[in-house]
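As stored in work-v8.pdb (PDB, C-alpha atoms):
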ATOM      1  CA  MET D  20     101.445 372.794 120.891
ATOM      2  CA  ALA D  21     100.259 376.387 120.637
ATOM      3  CA  VAL D  22      96.735 377.301 121.637
ATOM      4  CA  ARG D  23      94.750 378.121 118.506
ATOM      5  CA  ASN D  24      91.418 378.432 120.282
ATOM      6  CA  CYS D  25      89.709 377.452 123.510
ATOM      7  CA  ARG D  26      89.135 373.872 122.346
ATOM      8  CA  ASP D  27      92.904 373.334 122.580
ATOM      9  CA  LEU D  28      92.883 374.107 126.313
ATOM     10  CA  VAL D  29      92.750 371.016 128.504
ATOM     11  CA  VAL D  30      90.878 373.011 131.164
ATOM     12  CA  TRP D  31      88.131 373.797 128.624
ATOM     13  CA  GLN D  32      87.963 370.117 127.627
ATOM     14  CA  LYS D  33      87.689 369.012 131.272
ATOM     15  CA  ALA D  34      85.058 371.677 131.979
ATOM     16  CA  MET D  35      83.024 370.381 129.030
ATOM     17  CA  LYS D  36      83.294 366.854 130.447
ATOM     18  CA  LEU D  37      82.112 368.185 133.818
ATOM     19  CA  ALA D  38      79.119 369.785 132.083
ATOM     20  CA  GLU D  39      78.253 366.459 130.458
ATOM     21  CA  GLU D  40      78.469 364.689 133.831
ATOM     22  CA  ILE D  41      76.287 367.284 135.560
ATOM     23  CA  TYR D  42      73.657 367.105 132.828
ATOM     24  CA  ALA D  43      73.536 363.321 133.165
ATOM     25  CA  LEU D  44      73.425 363.434 136.966
ATOM     26  CA  SER D  45      70.789 366.166 137.139
ATOM     27  CA  ALA D  46      68.549 364.275 134.705
ATOM     28  CA  GLY D  47      67.763 362.059 137.690
ATOM     29  CA  PHE D  48      66.664 364.918 139.949
ATOM     30  CA  PRO D  49      62.948 365.024 140.829
ATOM     31  CA  PRO D  50      60.692 366.555 138.158
ATOM     32  CA  ASP D  51      59.601 369.343 140.508
ATOM     33  CA  GLU D  52      63.236 370.537 140.600
ATOM     34  CA  ARG D  53      63.276 371.145 136.835
ATOM     35  CA  PHE D  54      63.041 374.928 137.238
ATOM     36  CA  ALA D  55      64.985 375.077 140.492
ATOM     37  CA  LEU D  56      68.122 373.100 141.347
ATOM     38  CA  THR D  57      68.296 371.263 138.008
ATOM     39  CA  ASN D  58      68.179 374.535 136.070
ATOM     40  CA  GLN D  59      70.571 376.302 138.445
ATOM     41  CA  ILE D  60      73.286 373.631 138.440
ATOM     42  CA  ARG D  61      73.096 373.297 134.662
ATOM     43  CA  ARG D  62      73.395 377.041 134.128
ATOM     44  CA  ALA D  63      76.367 377.221 136.487
ATOM     45  CA  VAL D  64      78.203 374.302 134.889
ATOM     46  CA  VAL D  65      77.692 375.679 131.374
ATOM     47  CA  SER D  66      79.187 378.956 132.582
ATOM     48  CA  ILE D  67      82.544 377.315 133.370
ATOM     49  CA  PRO D  68      83.721 376.336 129.857
ATOM     50  CA  SER D  69      81.858 379.335 128.425
ATOM     51  CA  ASN D  70      83.908 381.756 130.503
ATOM     52  CA  VAL D  71      87.142 379.934 129.698
ATOM     53  CA  ALA D  72      86.248 380.273 126.014
ATOM     54  CA  GLU D  73      85.285 383.920 126.299
ATOM     55  CA  GLY D  74      88.429 384.764 128.229
ATOM     56  CA  GLU D  75      90.651 382.934 125.746
ATOM     57  CA  GLY D  76      89.050 384.966 122.983
ATOM     58  CA  ARG D  77      89.835 388.295 124.626
ATOM     59  CA  SER D  78      92.788 390.384 123.569
ATOM     60  CA  SER D  79      94.589 390.645 126.907
ATOM     61  CA  LYS D  80      95.892 388.264 129.540
ATOM     62  CA  GLN D  81      94.255 390.454 132.189
ATOM     63  CA  ASP D  82      90.838 389.891 130.573
ATOM     64  CA  PHE D  83      91.536 386.169 130.293
ATOM     65  CA  ARG D  84      92.391 385.989 134.022
ATOM     66  CA  ARG D  85      89.193 387.873 134.880
ATOM     67  CA  PHE D  86      87.097 385.326 132.962
ATOM     68  CA  LEU D  87      88.988 382.457 134.597
ATOM     69  CA  ASN D  88      88.019 383.960 137.965
ATOM     70  CA  ILE D  89      84.384 384.086 136.852
ATOM     71  CA  ALA D  90      84.655 380.441 135.778
ATOM     72  CA  MET D  91      86.045 379.618 139.231
ATOM     73  CA  GLY D  92      83.046 381.289 140.851
ATOM     74  CA  SER D  93      80.702 379.197 138.706
ATOM     75  CA  LEU D  94      82.660 376.094 139.641
ATOM     76  CA  ARG D  95      82.116 376.858 143.333
ATOM     77  CA  GLU D  96      78.390 377.213 142.620
ATOM     78  CA  VAL D  97      78.361 373.779 141.005
ATOM     79  CA  GLU D  98      80.210 372.234 143.939
ATOM     80  CA  THR D  99      77.731 373.793 146.381
ATOM     81  CA  GLN D 100      74.742 372.668 144.345
ATOM     82  CA  LEU D 101      76.151 369.144 144.120
ATOM     83  CA  GLU D 102      76.532 369.097 147.886
ATOM     84  CA  LEU D 103      72.923 370.242 148.228
ATOM     85  CA  ALA D 104      71.758 367.534 145.818
ATOM     86  CA  ILE D 105      73.534 364.950 147.968
ATOM     87  CA  ARG D 106      72.025 366.341 151.180
ATOM     88  CA  LEU D 107      68.550 366.323 149.627
ATOM     89  CA  ARG D 108      69.189 362.745 148.447
ATOM     90  CA  TYR D 109      68.733 363.669 144.779
ATOM     91  CA  ALA D 110      72.182 362.151 144.172
ATOM     92  CA  SER D 111      74.225 359.676 146.149
ATOM     93  CA  ASN D 112      77.820 360.313 147.174
ATOM     94  CA  GLU D 113      78.837 357.565 144.773
ATOM     95  CA  ASN D 114      76.917 359.074 141.841
ATOM     96  CA  ALA D 115      78.242 362.563 142.536
ATOM     97  CA  LYS D 116      81.866 361.429 143.016
ATOM     98  CA  ILE D 117      82.796 361.623 139.326
ATOM     99  CA  SER D 118      81.451 365.174 139.106
ATOM    100  CA  LEU D 119      83.083 366.239 142.376
ATOM    101  CA  ASP D 120      86.432 364.781 141.293
ATOM    102  CA  LEU D 121      86.191 366.521 137.919
ATOM    103  CA  ALA D 122      85.237 369.774 139.639
ATOM    104  CA  ASP D 123      88.313 369.506 141.839
ATOM    105  CA  GLU D 124      90.520 368.903 138.807
ATOM    106  CA  VAL D 125      88.990 371.788 136.857
ATOM    107  CA  GLY D 126      89.511 374.075 139.847
ATOM    108  CA  ARG D 127      93.199 373.185 140.051
ATOM    109  CA  MET D 128      93.575 373.767 136.319
ATOM    110  CA  LEU D 129      91.792 377.137 136.421
ATOM    111  CA  ARG D 130      94.026 378.319 139.258
ATOM    112  CA  GLY D 131      97.142 377.047 137.483
ATOM    113  CA  LEU D 132      96.268 378.739 134.216
ATOM    114  CA  ALA D 133      95.475 382.007 136.001
ATOM    115  CA  LYS D 134      98.836 381.885 137.815
ATOM    116  CA  SER D 135     100.612 381.129 134.552
ATOM    117  CA  LEU D 136      99.014 384.138 132.886
ATOM    118  CA  GLU D 137      99.890 386.330 135.864
ATOM    119  CA  ALA D 138     103.523 385.206 135.682
ATOM    120  CA  GLN D 139     103.649 386.257 132.020
ATOM    121  CA  ASP D 140     102.837 389.891 132.862
TER     122      ASP D 140
END
As structure tokens, how would this structure be written, given the file I've shared?
Amino acid sequence: MAVRNCRDLVVWQKAMKLAEEIYALSAGFPPDERFALTNQIRRAVVSIPSNVAEGEGRSSKQDFRRFLNIAMGSLREVETQLELAIRLRYASNENAKISLDLADEVGRMLRGLAKSLEAQD
């Protein structure tokens, strides 16, 4: 199946699922974190599918790869912020596992798509 838009990309779909999971998980963070860690992790996770979408919409594979790299950076932010939430006991290892597993999968997919685009040059 040819890619008609970003919604056809499995990596975009998985990144959207990760965003949903992070929003649900961070809803349980303490109220005084609303403008700190809660806001930061949500902004970072939204950036992942957003950058995949923006890159897919660009006219060159080089631009697409650049946006995939930005998405990867945002993914690393999310992973770090999840780890911090666990250390601060805002989330348990068990509660964060789904998000961490999804983050790992999204990371593999981002790297694979970037390599695929590079191979096409």
Once the PyMOL selection byres ((chain D and resi 25) around 8) has been applied to the shown file, what residues remain in the selection, as an mmCIF file with C-alpha atoms, in the frame of the given file?
data_model
loop_
_atom_site.group_PDB
_atom_site.id
_atom_site.type_symbol
_atom_site.label_atom_id
_atom_site.label_comp_id
_atom_site.auth_asym_id
_atom_site.auth_seq_id
_atom_site.Cartn_x
_atom_site.Cartn_y
_atom_site.Cartn_z
ATOM 1 C CA VAL D 22 96.735 377.301 121.637
ATOM 2 C CA ARG D 23 94.750 378.121 118.506
ATOM 3 C CA ASN D 24 91.418 378.432 120.282
ATOM 4 C CA ARG D 26 89.135 373.872 122.346
ATOM 5 C CA ASP D 27 92.904 373.334 122.580
ATOM 6 C CA LEU D 28 92.883 374.107 126.313
ATOM 7 C CA TRP D 31 88.131 373.797 128.624
ATOM 8 C CA VAL D 71 87.142 379.934 129.698
ATOM 9 C CA ALA D 72 86.248 380.273 126.014
ATOM 10 C CA GLU D 75 90.651 382.934 125.746
ATOM 11 C CA GLY D 76 89.050 384.966 122.983
#
> Pick from D:Ala34, D:Ala110, D:Ser79, D:Arg85: nearest to Thr57 (chain D), with all atoms listed in the file counted?
Replying inline: D:Ala110
>> Applying the PyMOL selection byres ((chain D and resi 44-53) around 10) to the file I just gave you, which residues come out? Please list them as a ChimeraX atom specification.
In response: /D:38-43,54-61,101,104,107-111,114-115,117-118
Using only C-alpha atoms, please write the residues we just selected to a file, as a PDB file, in the coordinates of the input.
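Final output, saved to selection_2.pdb:
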ATOM      1  CA  ALA D  38      79.119 369.785 132.083  1.00  0.00           C
ATOM      2  CA  GLU D  39      78.253 366.459 130.458  1.00  0.00           C
ATOM      3  CA  GLU D  40      78.469 364.689 133.831  1.00  0.00           C
ATOM      4  CA  ILE D  41      76.287 367.284 135.560  1.00  0.00           C
ATOM      5  CA  TYR D  42      73.657 367.105 132.828  1.00  0.00           C
ATOM      6  CA  ALA D  43      73.536 363.321 133.165  1.00  0.00           C
ATOM      7  CA  PHE D  54      63.041 374.928 137.238  1.00  0.00           C
ATOM      8  CA  ALA D  55      64.985 375.077 140.492  1.00  0.00           C
ATOM      9  CA  LEU D  56      68.122 373.100 141.347  1.00  0.00           C
ATOM     10  CA  THR D  57      68.296 371.263 138.008  1.00  0.00           C
ATOM     11  CA  ASN D  58      68.179 374.535 136.070  1.00  0.00           C
ATOM     12  CA  GLN D  59      70.571 376.302 138.445  1.00  0.00           C
ATOM     13  CA  ILE D  60      73.286 373.631 138.440  1.00  0.00           C
ATOM     14  CA  ARG D  61      73.096 373.297 134.662  1.00  0.00           C
ATOM     15  CA  LEU D 101      76.151 369.144 144.120  1.00  0.00           C
ATOM     16  CA  ALA D 104      71.758 367.534 145.818  1.00  0.00           C
ATOM     17  CA  LEU D 107      68.550 366.323 149.627  1.00  0.00           C
ATOM     18  CA  ARG D 108      69.189 362.745 148.447  1.00  0.00           C
ATOM     19  CA  TYR D 109      68.733 363.669 144.779  1.00  0.00           C
ATOM     20  CA  ALA D 110      72.182 362.151 144.172  1.00  0.00           C
ATOM     21  CA  SER D 111      74.225 359.676 146.149  1.00  0.00           C
ATOM     22  CA  ASN D 114      76.917 359.074 141.841  1.00  0.00           C
ATOM     23  CA  ALA D 115      78.242 362.563 142.536  1.00  0.00           C
ATOM     24  CA  ILE D 117      82.796 361.623 139.326  1.00  0.00           C
ATOM     25  CA  SER D 118      81.451 365.174 139.106  1.00  0.00           C
TER      26      SER D 118
END
>> Could you tell me how far CA of Ser69 (chain D) sits from CA of Lys134 (chain D), in Å to one decimal place?
In response: 19.6 Å
>> Just the number, please: distance in Å from CA of Leu37 (chain D) to CA of Val125 (chain D), one decimal.
In response: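 Those two atoms sit 8.3 Å apart.
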> Expressed in Å to a single decimal, how great is the separation between CA of Gly92 (chain D) and CA of Val65 (chain D)?
Replying inline: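 These two atoms are separated by 12.2 Å.
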>> Please list as a list in words every residue within 7 Å of Val64 (chain D), counting all atoms listed in the file and excluding residues in the same chain fewer than 6 positions away.
In response: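 Contacts, in chain order: Ala38, Ser93, Leu94 and Val97 of chain D.
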> Looking at only C-alpha atoms, which of D:Gln139, D:Glu96, D:Leu129, D:Asp123 is the one that sits closest to Gly74 (chain D)?
Replying inline: D:Leu129
> Given the choices D:Arg127, D:Arg106, D:Arg62, D:Arg84, which gets closest to Val29 (chain D) if the distance is worked out from all atoms listed in the file?
Replying inline: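 So, comparing all the options, the nearest one is D:Arg127.
Using all atoms listed in the file, the nearest neighbour of Leu121 (chain D) within the list D:Ala90, D:Glu98, D:Ala63, D:Asp82 is D:Glu98.
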> Near Gly131 (chain D), within 12 Å and counting only C-alpha atoms, which residues show up once chain neighbours fewer than 4 positions away are dropped, as JSON, numbers by chain?
Replying inline: {"D": [29, 30, 84, 87, 88, 91, 124, 125, 126, 127, 135, 136, 137, 138]}
Please return the centre and edge lengths, in Å to one decimal, of a box with edges along x, y and z that contains all listed atoms of region 23-29 of chain D, widened by 3 Å on every side, as JSON.
{"center_x": 91.9, "center_y": 374.7, "center_z": 123.5, "size_x": 11.6, "size_y": 13.4, "size_z": 16.0}
